[in-house]
Structures are given as C-alpha cells and as structure tokens.
>>> print(open('input-v2.txt').read())   # compact mmCIF, C-alpha atoms and all ligand atoms
# COMPACT_ATOMS: atom_id res chain seq x y z
CA MET A 26 -8.70 -110.67 21.38
CA LYS A 27 -11.74 -109.00 22.81
CA THR A 28 -12.87 -106.07 20.69
CA LEU A 29 -15.55 -103.50 21.12
CA GLU A 30 -17.30 -104.46 17.89
CA LYS A 31 -19.43 -106.73 20.06
CA LYS A 32 -21.81 -105.08 22.51
CA PRO A 33 -19.66 -103.94 25.44
CA LEU A 34 -20.15 -106.00 28.58
CA ILE A 35 -20.69 -104.13 31.81
CA LEU A 36 -20.74 -105.82 35.19
CA VAL A 37 -22.54 -104.19 38.12
CA ILE A 38 -21.34 -105.38 41.54
CA ASP A 39 -23.64 -104.01 44.23
CA ASP A 40 -25.36 -105.52 47.26
CA ASP A 41 -28.34 -103.16 46.76
CA GLU A 42 -30.89 -104.91 44.57
CA SER A 43 -32.68 -101.74 43.44
CA MET A 44 -29.35 -100.23 42.37
CA ARG A 45 -28.46 -103.38 40.37
CA ASP A 46 -31.85 -103.38 38.68
CA SER A 47 -31.91 -99.72 37.75
CA CYS A 48 -28.35 -99.80 36.37
CA THR A 49 -29.15 -102.94 34.33
CA GLN A 50 -32.28 -101.33 32.89
CA ILE A 51 -30.46 -98.19 31.78
CA LEU A 52 -27.51 -100.13 30.37
CA THR A 53 -29.54 -102.67 28.38
CA LYS A 54 -31.79 -99.92 27.07
CA ASP A 55 -28.66 -98.16 25.78
CA GLY A 56 -27.58 -101.31 23.92
CA PHE A 57 -24.96 -102.72 26.32
CA GLN A 58 -24.78 -106.22 27.72
CA ALA A 59 -25.22 -106.02 31.45
CA GLU A 60 -24.41 -108.56 34.12
CA ILE A 61 -24.92 -108.32 37.83
CA ALA A 62 -23.27 -109.66 40.97
CA LYS A 63 -24.63 -109.16 44.43
CA ASP A 64 -21.34 -109.31 46.31
CA GLY A 65 -17.58 -109.04 45.84
CA SER A 66 -16.75 -112.73 45.58
CA SER A 67 -19.38 -113.59 42.95
CA GLY A 68 -18.39 -110.37 41.15
CA LEU A 69 -14.76 -111.49 40.97
CA GLU A 70 -15.82 -114.90 39.67
CA LYS A 71 -17.76 -113.20 36.86
CA ILE A 72 -14.79 -110.94 36.08
CA LYS A 73 -12.54 -113.98 35.69
CA GLU A 74 -15.08 -115.85 33.60
CA ASN A 75 -16.47 -113.14 31.34
CA LYS A 76 -13.75 -110.46 31.26
CA PRO A 77 -16.16 -107.48 31.14
CA ASP A 78 -15.13 -104.22 29.48
CA LEU A 79 -16.18 -102.15 32.45
CA VAL A 80 -17.15 -102.90 36.06
CA LEU A 81 -19.23 -100.76 38.36
CA ILE A 82 -18.17 -101.56 41.93
CA ASP A 83 -20.05 -100.44 45.01
CA LEU A 84 -17.44 -99.50 47.58
CA LYS A 85 -19.55 -100.34 50.62
CA MET A 86 -20.52 -103.97 50.54
CA PRO A 87 -20.59 -106.71 53.16
CA GLY A 88 -17.98 -109.45 52.71
CA ILE A 89 -15.13 -108.47 50.38
CA ASN A 90 -15.34 -104.68 50.24
CA GLY A 91 -15.24 -102.61 47.06
CA LEU A 92 -11.59 -101.52 47.41
CA GLU A 93 -10.46 -105.13 47.59
CA VAL A 94 -12.63 -106.07 44.63
CA LEU A 95 -11.03 -103.19 42.75
CA GLU A 96 -7.51 -104.37 43.59
CA ARG A 97 -8.26 -107.94 42.57
CA THR A 98 -9.93 -106.77 39.35
CA ASN A 99 -6.70 -104.98 38.51
CA GLU A 100 -4.73 -108.13 39.20
CA ILE A 101 -7.02 -110.21 36.97
CA ASP A 102 -6.86 -107.74 34.09
CA PRO A 103 -5.53 -104.19 34.48
CA ASN A 104 -7.22 -103.20 31.22
CA ILE A 105 -10.73 -103.61 32.63
CA ILE A 106 -12.16 -100.17 33.38
CA ALA A 107 -13.35 -99.94 36.99
CA VAL A 108 -15.78 -97.25 38.16
CA VAL A 109 -16.59 -97.17 41.87
CA ILE A 110 -19.97 -96.22 43.30
CA THR A 111 -19.66 -94.22 46.49
CA GLY A 112 -22.03 -92.82 49.11
CA TYR A 113 -21.89 -89.12 50.06
CA ALA A 114 -19.96 -89.89 53.19
CA THR A 115 -17.24 -91.83 51.46
CA VAL A 116 -15.51 -89.29 49.21
CA GLU A 117 -12.22 -90.16 50.87
CA SER A 118 -12.58 -93.79 49.90
CA ALA A 119 -13.37 -92.63 46.37
CA VAL A 120 -10.02 -90.84 46.35
CA GLU A 121 -8.34 -93.95 47.67
CA ALA A 122 -10.06 -96.01 44.97
CA MET A 123 -8.71 -93.66 42.29
CA LYS A 124 -5.23 -94.12 43.73
CA LYS A 125 -5.74 -97.87 43.52
CA GLY A 126 -6.51 -97.71 39.83
CA ALA A 127 -10.23 -96.90 39.56
CA TYR A 128 -10.91 -94.97 36.38
CA ASP A 129 -13.60 -92.75 37.95
CA PHE A 130 -16.21 -92.65 40.69
CA LEU A 131 -19.95 -92.12 40.74
CA PRO A 132 -21.41 -90.62 43.94
CA LYS A 133 -24.82 -91.91 45.05
CA PRO A 134 -27.51 -90.94 44.22
CA PHE A 135 -26.84 -90.46 40.51
CA THR A 136 -29.09 -89.80 37.52
CA PRO A 137 -29.26 -92.09 34.44
CA ASP A 138 -27.44 -89.40 32.46
CA GLU A 139 -24.61 -89.20 34.97
CA LEU A 140 -24.23 -92.96 34.66
CA ARG A 141 -24.32 -92.76 30.85
CA ILE A 142 -21.60 -90.07 30.70
CA ILE A 143 -19.22 -92.04 32.91
CA ILE A 144 -19.87 -95.31 31.04
CA LYS A 145 -19.33 -93.61 27.68
CA ARG A 146 -16.02 -92.08 28.78
CA GLY A 147 -14.90 -95.30 30.44
CA LEU A 148 -15.62 -97.34 27.31
CA GLU A 149 -13.79 -94.84 25.11
CA ARG A 150 -10.77 -95.24 27.37
CA ARG A 151 -11.12 -99.03 27.17
CA LYS A 152 -11.20 -98.84 23.37
CA LEU A 153 -7.99 -96.79 23.35
CA ILE A 154 -6.27 -99.21 25.73
CA LEU A 155 -7.25 -102.23 23.61
CA GLU A 156 -6.15 -100.54 20.38
CA THR A 157 -2.79 -99.59 21.89
CA GLU A 158 -2.31 -103.15 23.18
CA SER A 159 -3.15 -104.62 19.81
CA LEU A 160 -0.78 -102.21 18.00
CA ARG A 161 2.00 -103.06 20.45
CA ARG A 162 1.46 -106.77 19.87
CA GLU A 163 1.40 -106.26 16.12
CA LYS A 164 4.64 -104.26 16.25
CA LYS A 165 6.35 -106.99 18.30
CA LEU A 166 5.14 -109.64 15.87
CA ILE A 167 6.40 -107.67 12.87
CA GLU A 168 9.79 -107.22 14.57
CA GLU A 169 10.05 -110.91 15.39
CA ASN A 170 8.96 -111.92 11.90
CA PHE A 171 11.46 -109.49 10.46
CA ILE A 172 14.31 -111.06 12.43
CA THR A 173 13.27 -114.58 11.37
CA MET A 174 12.71 -113.50 7.78
CA VAL A 175 16.09 -111.78 7.50
CA SER A 176 17.97 -114.63 9.14
CA HIS A 177 16.40 -117.37 7.07
CA GLN A 178 15.17 -116.02 3.78
CA LEU A 179 18.04 -113.58 3.18
CA ARG A 180 20.96 -115.16 4.93
CA SER A 181 20.57 -118.76 3.85
CA PRO A 182 20.67 -118.13 0.07
CA LEU A 183 23.70 -115.86 0.53
CA VAL A 184 25.56 -118.55 2.45
CA ALA A 185 24.70 -121.03 -0.32
CA ILE A 186 25.94 -118.66 -3.07
CA LEU A 187 29.21 -118.09 -1.19
CA GLN A 188 29.68 -121.86 -0.93
CA TYR A 189 29.12 -122.27 -4.68
CA PHE A 190 31.78 -119.61 -5.31
CA GLU A 191 34.19 -121.49 -3.04
CA VAL A 192 33.57 -124.67 -5.05
CA ILE A 193 34.15 -122.88 -8.38
CA LEU A 194 37.27 -121.06 -7.14
CA GLY A 195 38.62 -124.29 -5.66
CA GLY A 196 38.60 -125.76 -9.18
CA MET A 197 36.25 -128.55 -8.17
CA VAL A 198 33.95 -128.12 -11.18
CA GLY A 199 36.53 -127.48 -13.85
CA LYS A 200 39.09 -124.87 -14.71
CA THR A 201 38.30 -121.15 -14.51
CA SER A 202 40.16 -118.54 -16.48
CA GLY A 203 42.01 -115.69 -14.76
CA LYS A 204 39.32 -113.18 -15.74
CA GLN A 205 36.50 -115.48 -14.51
CA LYS A 206 38.32 -115.99 -11.21
CA GLU A 207 38.78 -112.25 -10.76
CA MET A 208 35.08 -111.61 -11.37
CA ILE A 209 33.97 -114.33 -8.99
CA GLN A 210 36.31 -112.99 -6.31
CA LYS A 211 34.79 -109.54 -6.75
CA ALA A 212 31.28 -110.97 -6.48
CA GLN A 213 32.40 -112.91 -3.41
CA SER A 214 33.74 -109.78 -1.73
CA ARG A 215 30.52 -107.83 -2.47
CA LEU A 216 28.45 -110.68 -1.06
CA GLU A 217 30.59 -110.81 2.06
CA ASN A 218 29.89 -107.10 2.61
CA LEU A 219 26.19 -107.78 2.24
CA MET A 220 26.45 -110.65 4.73
CA ASN A 221 28.20 -108.34 7.22
CA LEU A 222 25.46 -105.79 6.79
CA ILE A 223 22.76 -108.39 7.41
CA THR A 224 24.59 -109.75 10.47
CA ASP A 225 24.98 -106.24 11.94
CA TRP A 226 21.41 -105.40 11.10
CA LEU A 227 20.16 -108.52 12.87
CA ASP A 228 22.24 -107.60 15.91
CA VAL A 229 20.58 -104.19 15.99
CA ALA A 230 17.10 -105.74 15.76
CA ARG A 231 17.90 -108.25 18.51
CA LEU A 232 19.32 -105.52 20.74
CA ASP A 233 16.23 -103.37 20.20
CA ASN A 234 14.20 -106.35 21.35
CA GLY A 235 15.88 -105.97 24.75
CA GLN A 236 17.30 -109.46 25.02
CA ILE A 237 20.55 -108.57 26.83
CA ILE A 238 19.35 -107.58 30.28
CA ASP A 239 18.04 -111.08 31.08
CA ARG A 240 21.45 -112.62 30.51
CA LEU A 241 23.70 -110.49 32.74
CA LYS A 242 25.98 -112.32 35.14
CA PRO A 243 29.28 -111.55 36.90
CA LEU A 244 32.28 -112.13 34.63
CA SER A 245 35.95 -111.22 34.48
CA LEU A 246 36.48 -108.45 31.95
CA LYS A 247 40.20 -109.17 31.93
CA LYS A 248 39.63 -112.74 30.73
CA LEU A 249 37.03 -111.65 28.21
CA ILE A 250 39.30 -109.02 26.65
CA LYS A 251 42.27 -111.41 26.57
CA LYS A 252 40.12 -113.94 24.69
CA THR A 253 38.77 -111.34 22.26
CA LEU A 254 42.28 -110.08 21.61
CA GLU A 255 43.53 -113.58 20.79
CA ASP A 256 40.72 -113.90 18.21
CA MET A 257 41.83 -110.62 16.63
CA ARG A 258 45.52 -111.51 16.27
CA PRO A 259 45.20 -113.02 12.75
CA ILE A 260 43.54 -109.85 11.33
CA ALA A 261 46.11 -107.67 13.10
CA LYS A 262 48.91 -109.76 11.62
CA LYS A 263 47.37 -109.59 8.17
CA ASN A 264 47.18 -105.79 8.46
CA ASN A 265 50.67 -105.54 9.94
CA ILE A 266 49.40 -103.96 13.16
CA SER A 267 50.82 -104.74 16.59
CA LEU A 268 48.50 -105.38 19.53
CA GLU A 269 49.41 -104.60 23.13
CA LEU A 270 47.44 -105.30 26.29
CA ARG A 271 48.07 -103.35 29.50
CA LEU A 272 46.21 -104.91 32.38
CA SER A 273 45.40 -103.44 35.76
CA PRO A 274 46.72 -105.52 38.67
CA ARG A 275 43.18 -106.00 40.01
CA ASP A 276 40.63 -108.32 38.42
CA GLU A 277 37.12 -107.55 39.54
CA ASN A 278 33.95 -108.66 37.82
CA VAL A 279 31.49 -106.70 35.76
CA LEU A 280 27.85 -107.70 35.49
CA GLY A 281 27.65 -108.53 31.83
CA ASP A 282 26.59 -110.69 28.94
CA GLU A 283 29.71 -112.43 27.63
CA GLU A 284 28.78 -112.68 23.95
CA SER A 285 27.56 -109.09 23.75
CA LEU A 286 30.61 -107.66 25.51
CA LYS A 287 32.93 -109.68 23.26
CA GLN A 288 31.12 -108.09 20.35
CA VAL A 289 31.73 -104.59 21.76
CA PHE A 290 35.46 -105.12 22.09
CA SER A 291 35.75 -107.04 18.87
CA ASN A 292 34.01 -104.16 17.00
CA LEU A 293 36.26 -101.57 18.62
CA ILE A 294 39.48 -103.52 18.07
CA THR A 295 38.50 -104.37 14.46
CA ASN A 296 38.04 -100.63 13.83
CA ALA A 297 41.31 -99.79 15.60
CA ILE A 298 43.08 -102.26 13.27
CA GLY A 299 41.13 -101.40 10.12
CA TYR A 300 41.36 -97.61 10.41
CA ASN A 301 45.04 -97.76 11.37
CA LYS A 302 48.14 -96.92 9.35
CA PRO A 303 50.63 -99.48 8.03
CA LYS A 304 52.81 -100.80 10.87
CA GLY A 305 50.48 -99.07 13.33
CA LYS A 306 49.75 -100.02 16.91
CA VAL A 307 46.70 -100.77 19.03
CA VAL A 308 47.03 -100.53 22.80
CA ILE A 309 44.29 -101.84 25.06
CA THR A 310 44.44 -100.66 28.65
CA ILE A 311 42.24 -101.84 31.49
CA LYS A 312 41.96 -99.51 34.48
CA GLU A 313 39.84 -99.91 37.58
CA ASN A 314 38.44 -97.49 40.09
CA LYS A 315 36.09 -98.12 42.99
CA ASP A 316 32.89 -98.67 41.02
CA PHE A 317 33.90 -98.94 37.37
CA ILE A 318 36.27 -100.75 35.03
CA ALA A 319 37.49 -98.60 32.17
CA THR A 320 38.87 -100.15 29.00
CA GLU A 321 40.68 -97.92 26.54
CA ILE A 322 41.33 -98.95 22.96
CA GLN A 323 43.92 -96.62 21.55
CA ASP A 324 45.15 -96.67 17.97
CA THR A 325 47.76 -94.86 15.93
CA GLY A 326 45.46 -94.63 12.93
CA ILE A 327 43.85 -92.13 10.62
CA GLY A 328 41.81 -90.45 13.38
CA ILE A 329 38.37 -88.88 13.09
CA ALA A 330 37.77 -85.21 12.26
CA GLU A 331 36.03 -83.22 15.00
CA GLU A 332 32.94 -82.54 12.89
CA HIS A 333 32.23 -86.30 12.61
CA LEU A 334 32.73 -87.19 16.26
CA PRO A 335 29.19 -86.36 17.47
CA PHE A 336 27.69 -88.75 14.90
CA ILE A 337 29.91 -91.81 14.78
CA PHE A 338 27.76 -93.78 17.24
CA ASP A 339 24.67 -93.20 15.06
CA GLN A 340 23.27 -96.09 13.01
CA PHE A 341 24.70 -96.30 9.46
CA TYR A 342 26.99 -93.28 10.02
CA ARG A 343 30.27 -93.60 8.16
CA VAL A 344 32.98 -91.04 7.53
CA SER A 345 32.87 -91.03 3.77
CA ARG A 346 35.89 -88.84 3.18
CA GLY A 347 39.67 -89.25 3.15
CA GLU A 348 41.25 -92.51 4.23
CA SER A 349 38.00 -93.82 5.79
CA GLN A 350 36.38 -94.04 2.39
CA LYS A 351 38.72 -96.82 1.29
CA ILE A 352 37.76 -99.12 4.15
CA LYS A 353 34.63 -101.21 3.81
CA GLY A 354 32.04 -101.20 6.58
CA THR A 355 28.37 -101.02 7.44
CA GLY A 356 28.31 -98.00 9.75
CA LEU A 357 26.62 -100.15 12.38
CA GLY A 358 29.54 -101.45 14.50
CA LEU A 359 29.78 -98.47 16.85
CA SER A 360 26.02 -98.09 17.23
CA ILE A 361 25.80 -101.77 18.21
CA ALA A 362 28.67 -101.32 20.69
CA LYS A 363 26.94 -98.30 22.22
CA LYS A 364 23.58 -100.08 22.53
CA ILE A 365 25.26 -103.01 24.29
CA VAL A 366 27.28 -100.81 26.66
CA ASP A 367 24.17 -98.74 27.48
CA ALA A 368 22.22 -101.92 28.23
CA HIS A 369 24.96 -102.76 30.77
CA GLY A 370 24.53 -99.38 32.49
CA GLY A 371 27.92 -98.22 31.16
CA SER A 372 29.12 -95.56 28.76
CA ILE A 373 31.33 -95.30 25.70
CA GLN A 374 33.36 -92.28 24.64
CA VAL A 375 35.82 -91.28 21.97
CA SER A 376 38.63 -88.79 21.66
CA SER A 377 40.50 -88.45 18.41
CA ALA A 378 42.96 -86.35 16.48
CA LEU A 379 42.85 -86.45 12.69
CA GLY A 380 45.93 -88.15 11.28
CA LYS A 381 47.19 -89.16 14.74
CA GLY A 382 44.79 -91.75 16.11
CA SER A 383 41.74 -92.38 18.24
CA THR A 384 40.96 -93.64 21.72
CA PHE A 385 37.65 -95.32 22.52
CA SER A 386 36.88 -95.73 26.24
CA VAL A 387 34.32 -98.15 27.57
CA LEU A 388 33.20 -97.70 31.16
CA LEU A 389 31.37 -100.64 32.76
CA PRO A 390 30.00 -100.81 36.31
CA LYS A 391 31.53 -103.45 38.57
CA ALA A 392 29.38 -106.31 39.79
CA GLU A 393 28.40 -106.15 43.47
CA LYS A 394 31.17 -107.62 45.61
CA ASP A 395 29.00 -110.35 47.11
CA THR A 396 27.73 -111.75 43.80
CA LEU A 397 29.25 -115.08 42.79
CA THR A 398 31.17 -115.75 39.60
CA PHE A 399 29.60 -118.48 37.51
P1 LIG A 401 31.97 -99.17 10.05
O1 LIG A 401 33.34 -99.31 10.56
O2 LIG A 401 31.34 -100.45 9.68
O3 LIG A 401 31.84 -98.14 8.98
P2 LIG A 401 31.33 -98.19 12.71
O4 LIG A 401 30.00 -97.87 13.31
O5 LIG A 401 32.16 -99.20 13.38
O6 LIG A 401 31.03 -98.59 11.23
O7 LIG A 401 32.15 -96.85 12.60
C1 LIG A 401 31.55 -95.67 12.10
C2 LIG A 401 32.59 -94.78 11.45
O8 LIG A 401 33.45 -94.25 12.46
C3 LIG A 401 33.50 -95.50 10.50
O9 LIG A 401 32.96 -95.53 9.20
C4 LIG A 401 34.79 -94.70 10.57
O10 LIG A 401 34.72 -93.64 9.66
C5 LIG A 401 34.80 -94.15 11.96
N1 LIG A 401 35.67 -94.91 12.88
C6 LIG A 401 35.32 -95.86 13.76
N2 LIG A 401 36.36 -96.31 14.47
C7 LIG A 401 37.43 -95.61 14.04
C8 LIG A 401 38.82 -95.61 14.38
N3 LIG A 401 39.32 -96.40 15.34
N4 LIG A 401 39.62 -94.74 13.71
C9 LIG A 401 39.14 -93.92 12.78
N5 LIG A 401 37.84 -93.89 12.39
C10 LIG A 401 37.00 -94.72 13.02
>>> encode(input="input-v2.txt", output="structure tokens")
Amino acid sequence: MKTLEKKPLILVIDDDESMRDSCTQILTKDGFQAEIAKDGSSGLEKIKENKPDLVLIDLKMPGINGLEVLERTNEIDPNIIAVVITGYATVESAVEAMKKGAYDFLPKPFTPDELRIIIKRGLERRKLILETESLRREKKLIEENFITMVSHQLRSPLVAILQYFEVILGGMVGKTSGKQKEMIQKAQSRLENLMNLITDWLDVARLDNGQIIDRLKPLSLKKLIKKTLEDMRPIAKKNNISLELRLSPRDENVLGDEESLKQVFSNLITNAIGYNKPKGKVVITIKENKDFIATEIQDTGIGIAEEHLPFIFDQFYRVSRGESQKIKGTGLGLSIAKKIVDAHGGSIQVSSALGKGSTFSVLLPKAEKDTLTF
C-alpha cells in the first residue's frame, strides 16, 4: 500500500509551461515530489503509472479537457485528490468540477501560499482516506481470519473429542463403569452445547460479512418449509409434540437463499418444539397476499413474558427465568433468523402470552412475477 511516509507525489497537468514550472519549483522546495504533464492524455498515463497522491488539473486545455481528465482520474483511483486550476471566467466549470469529485479548486492567478494551503489540506484529506481504507482492510482481514480460526482451530478438536467419546461409550476400547459412562455423557452434552454455540457464532460472523445477498434466487417457500418440517419430525416426535402444516392454495416464489431460509424456519420450529409443553402442538401456516408471503409458526408452549419480548431478537439474549431456564440454548437462534430475514428485505415479528404460547411471523417479499425458477 502507498503511504505518506514517502514524500508525497504531486502531478501538475497544465498546458502552460510557466505554470508547470512555477508549481514544480514551489512544490519541490517544500519537500514534495513533483511531476508534470503538458496535456490530458500524458497526464492520465502518468496517473496510471505512478498513482500520485494529488493531481493539479488545469480545466482549460487543448485535447482532453480538464473535466474529462478529472472524471478519468476518479475512475483510475477515486482516492487520488484532484484540485482543478481555473481561470477567472470559469467559476461555473469549477463548480461542475466539484460536483464531479474534485476536492477543491484554485483560481488563476494564485500565490505560492494559496497553492501551499490547498496542497496541505488536500494531502491531509488523502492521509485520512488512506488510513480509513487500511483500517477497513485490516478489519475485514481480522473478521475473515476469525471465521477461519474458529472453524478450524476450535471446531476440529471438538469434533475429534466427541468422536473419542463415541468410541469409549460404544465399548470399543474396553468396558466402562456406570459412573464413568455417566460422566462421559455429561462431558459429551456440554461439548455439544459448545459446538452449537460455535456453529451459531460462525453463522453470525458469516451473515455480518454480507454473503447472503449474492445468492438470492426465486424459490418456492412452500417446498422449502415442507422440507424443513420433514427434517424436524424426529425431534418433534422425541419431544412428543405434534406438527401441523396449513398451506395456502397459491404457491408463488420468494427471492431467497435456500440454505439461509431453511435455517430461519429450522431455528423457529426448533424453538417452538423446545419451548413447548408436553403433548403440545406446533402449527405452521403459510398465507399469501399480493406482495408478501407470511409464514406463522404458532406453538402451545411456555410463552414469553411481555418484558422480554423487545429483546429476544438480540444476540445472546435468553430468558433466564421460569421454564426457559431448563432448556439449553445459545441465545443466537433468533438473532440469526432476524439477520437472514432482514437481508431478504422481509420482517419477523412475535406475539406471545405467558403460559399459553407464542406465534412468530416471517414476512418475505415475493419474487417478481417474470423471474424464472431455477
Ligand atoms: P436460544 O433458544 O438458543 O436460547 P434464541 O435466540 O432462539 O436462543 O431465543 C432467545 C430466547 O427467546 C430463548 O432463550 C427463549 O427464552 C425465548 N424463545 C424463543 N422462542 C421461543 C418460543 N417459541 N417460546 C418461548 N420462548 C421462546
């Protein structure tokens, strides 16, 4: 990366030789590197080659005029600071140049000090831009490294430990006593919770990286929910909860990412099963209106007290009182669901009555009618 620790490089593009010379003299005397170009096209070549920190562009030049040079400079590198030199009669073009991205303008004739002030301010701005860029890059790198680090260095050993436990519990390396078995099962269950936390945490990091939007395509929500529901049947059965699906007669597409939307509904249905009462019920209803498809996940479970409702979509928020306390979780499922739904341009809402049950509603915009289903 180019930094300002080196002498800043300033390029003067002007067809007037005396102007080029006097600017160069002042700039080199002040400790900058100065380069010159006598017209727009050679100026642009030098910009591409040397990536100057700041360019002084005369607006009135034969050949490619200053405004065009300015536009192309921006295309080459929007972080290069461009200052335009204007004649008295061309204040309007100076305004136009500012609209086109010039940092400032210098009306002719100008004194060495006027030039110095503008250059100083322009270079300070350049320094800020470069620092911000470098911080942004660093942040992205840290985030990416974090995701890789968590998935490999943390996840892999946990998977290995869980496999060892399986081997021991399966009796493949000798007999284990009842007490030993019990302790290993407890360790196994704690590790599984940790694995869930890491998986959820990784999902959050990936979502924050904005990877969903690129993958949206038209898909049938009806099919997706049917599939998700089939995957949930074994847990529902284990918890003695009945699942019911009420479909709308229509079947229009939403613009969505299949895996992410499955995760939304799987999180919501898992909660509806987990926070239910014995022999409870979960009803999933799909309704359509002109522009949206609404999916309601209604349960007959423990419900959520009013004071907790505003927070349950927050990261790591868990209701740590009453029945909720007994159920294991990470407090990330709903925040992940909300992030995904938001990324689809939809919304997610909840209504609940303590002791009676909750209804989560997911509203997703329909795909345009003329888009094809893949
Ligand atoms: P987790 O379930 O892992 O704790 P979530 O983000 O999925 O995290 O949910 C946050 C909290 O909201 C839960 O801890 C629970 O207290 C409450 N909650 C979520 N869904 C329901 C539900 N269907 N019924 C009752 N409480 C719920």
>>> residues_around(input="input-v2.txt", residues="A:Val375", least_positions_apart="5", cutoff="12 Å", atoms="only C-alpha atoms", output="ChimeraX atom specification")
/A:293,297,320-324,328-331,333-338,359,363,382-388
>>> closest_residue(input="input-v2.txt", among="A:Glu207, A:Asn75, A:Asn218, A:Asp55", to="A:Ile142", atoms="all atoms listed in the file")
A:Asp55
>>> closest_residue(input="input-v2.txt", among="A:Ala119, A:Ala127, A:Val366, A:Ile38", to="A:Val289", atoms="all atoms listed in the file")
A:Val366
>>> closest_residue(input="input-v2.txt", among="A:Ile298, A:Ile110, A:Leu357, A:Ile327", to="A:Asn221", atoms="all atoms listed in the file")
A:Leu357
>>> atom_distance(input="input-v2.txt", atom1="atom CA of A:Ser372", atom2="atom CA of A:Leu222")
24.5 Å
>>> closest_residue(input="input-v2.txt", among="A:Val229, A:Ile311, A:Ile238, A:Met197", to="ligand LIG 401 (chain A)", atoms="only C-alpha atoms and all ligand atoms")
A:Val229
>>> residues_around(input="input-v2.txt", residues="A:Asp83", least_positions_apart="5", cutoff="8 Å", atoms="only C-alpha atoms", output="MDAnalysis selection string")
chainID A and resid 38:40 91 109:111
>>> closest_residue(input="input-v2.txt", among="A:Ile82, A:Ile154, A:Ala392, A:Ile361", to="ligand LIG 401 (chain A)", atoms="only C-alpha atoms and all ligand atoms")
A:Ile361
>>> closest_residue(input="input-v2.txt", among="A:Gln213, A:Thr224, A:Leu244, A:Lys304", to="A:Ala185", atoms="only C-alpha atoms")
A:Gln213
>>> residues_near_point(input="input-v2.txt", point="(38.6, -115.7, -8.1)", cutoff="12 Å", atoms="only C-alpha atoms", output="list in words")
Leu187, Phe190, Glu191, Val192, Ile193, Leu194, Gly195, Gly196, Lys200, Thr201, Ser202, Gly203, Lys204, Gln205, Lys206, Glu207, Met208, Ile209, Gln210, Lys211, Ala212, Gln213 and Ser214 of chain A
>>> build_atoms(input="input-v2.txt", residues="stretch 224-244 of chain A", atoms="N, CA and C atoms", output="compact mmCIF listing (two decimals), in the coordinates of the input")
# COMPACT_ATOMS: atom_id res chain seq x y z
N THR A 224 24.25 -109.31 9.10
CA THR A 224 24.59 -109.75 10.47
C THR A 224 24.48 -108.58 11.45
N ASP A 225 25.05 -107.42 11.05
CA ASP A 225 24.98 -106.24 11.94
C ASP A 225 23.55 -105.80 12.16
N TRP A 226 22.79 -105.84 11.09
CA TRP A 226 21.41 -105.40 11.10
C TRP A 226 20.58 -106.28 12.05
N LEU A 227 20.84 -107.57 11.97
CA LEU A 227 20.16 -108.52 12.87
C LEU A 227 20.53 -108.25 14.32
N ASP A 228 21.80 -107.92 14.55
CA ASP A 228 22.24 -107.60 15.91
C ASP A 228 21.47 -106.40 16.44
N VAL A 229 21.31 -105.39 15.57
CA VAL A 229 20.58 -104.19 15.99
C VAL A 229 19.15 -104.57 16.37
N ALA A 230 18.49 -105.36 15.51
CA ALA A 230 17.10 -105.74 15.76
C ALA A 230 16.99 -106.53 17.06
N ARG A 231 17.94 -107.44 17.29
CA ARG A 231 17.90 -108.25 18.51
C ARG A 231 18.12 -107.38 19.74
N LEU A 232 19.04 -106.40 19.61
CA LEU A 232 19.32 -105.52 20.74
C LEU A 232 18.10 -104.68 21.06
N ASP A 233 17.41 -104.18 19.99
CA ASP A 233 16.23 -103.37 20.20
C ASP A 233 15.13 -104.18 20.87
N ASN A 234 15.19 -105.47 20.72
CA ASN A 234 14.20 -106.35 21.35
C ASN A 234 14.47 -106.53 22.85
N GLY A 235 15.57 -105.94 23.32
CA GLY A 235 15.88 -105.97 24.75
C GLY A 235 16.22 -107.33 25.30
N GLN A 236 17.01 -108.10 24.56
CA GLN A 236 17.30 -109.46 25.02
C GLN A 236 18.53 -109.57 25.93
N ILE A 237 19.28 -108.45 26.09
CA ILE A 237 20.55 -108.57 26.83
C ILE A 237 20.34 -108.65 28.33
N ILE A 238 19.51 -107.76 28.84
CA ILE A 238 19.35 -107.58 30.28
C ILE A 238 19.12 -108.91 31.03
N ASP A 239 18.36 -109.81 30.41
CA ASP A 239 18.04 -111.08 31.08
C ASP A 239 19.27 -111.97 31.26
N ARG A 240 20.34 -111.67 30.51
CA ARG A 240 21.45 -112.62 30.51
C ARG A 240 22.67 -112.14 31.29
N LEU A 241 22.54 -111.03 32.04
CA LEU A 241 23.70 -110.49 32.74
C LEU A 241 24.14 -111.38 33.89
N LYS A 242 25.45 -111.62 33.96
CA LYS A 242 25.98 -112.32 35.14
C LYS A 242 27.41 -111.87 35.39
N PRO A 243 27.93 -112.05 36.62
CA PRO A 243 29.28 -111.55 36.90
C PRO A 243 30.32 -112.28 36.05
N LEU A 244 31.21 -111.50 35.42
CA LEU A 244 32.28 -112.13 34.63
C LEU A 244 33.54 -111.28 34.66
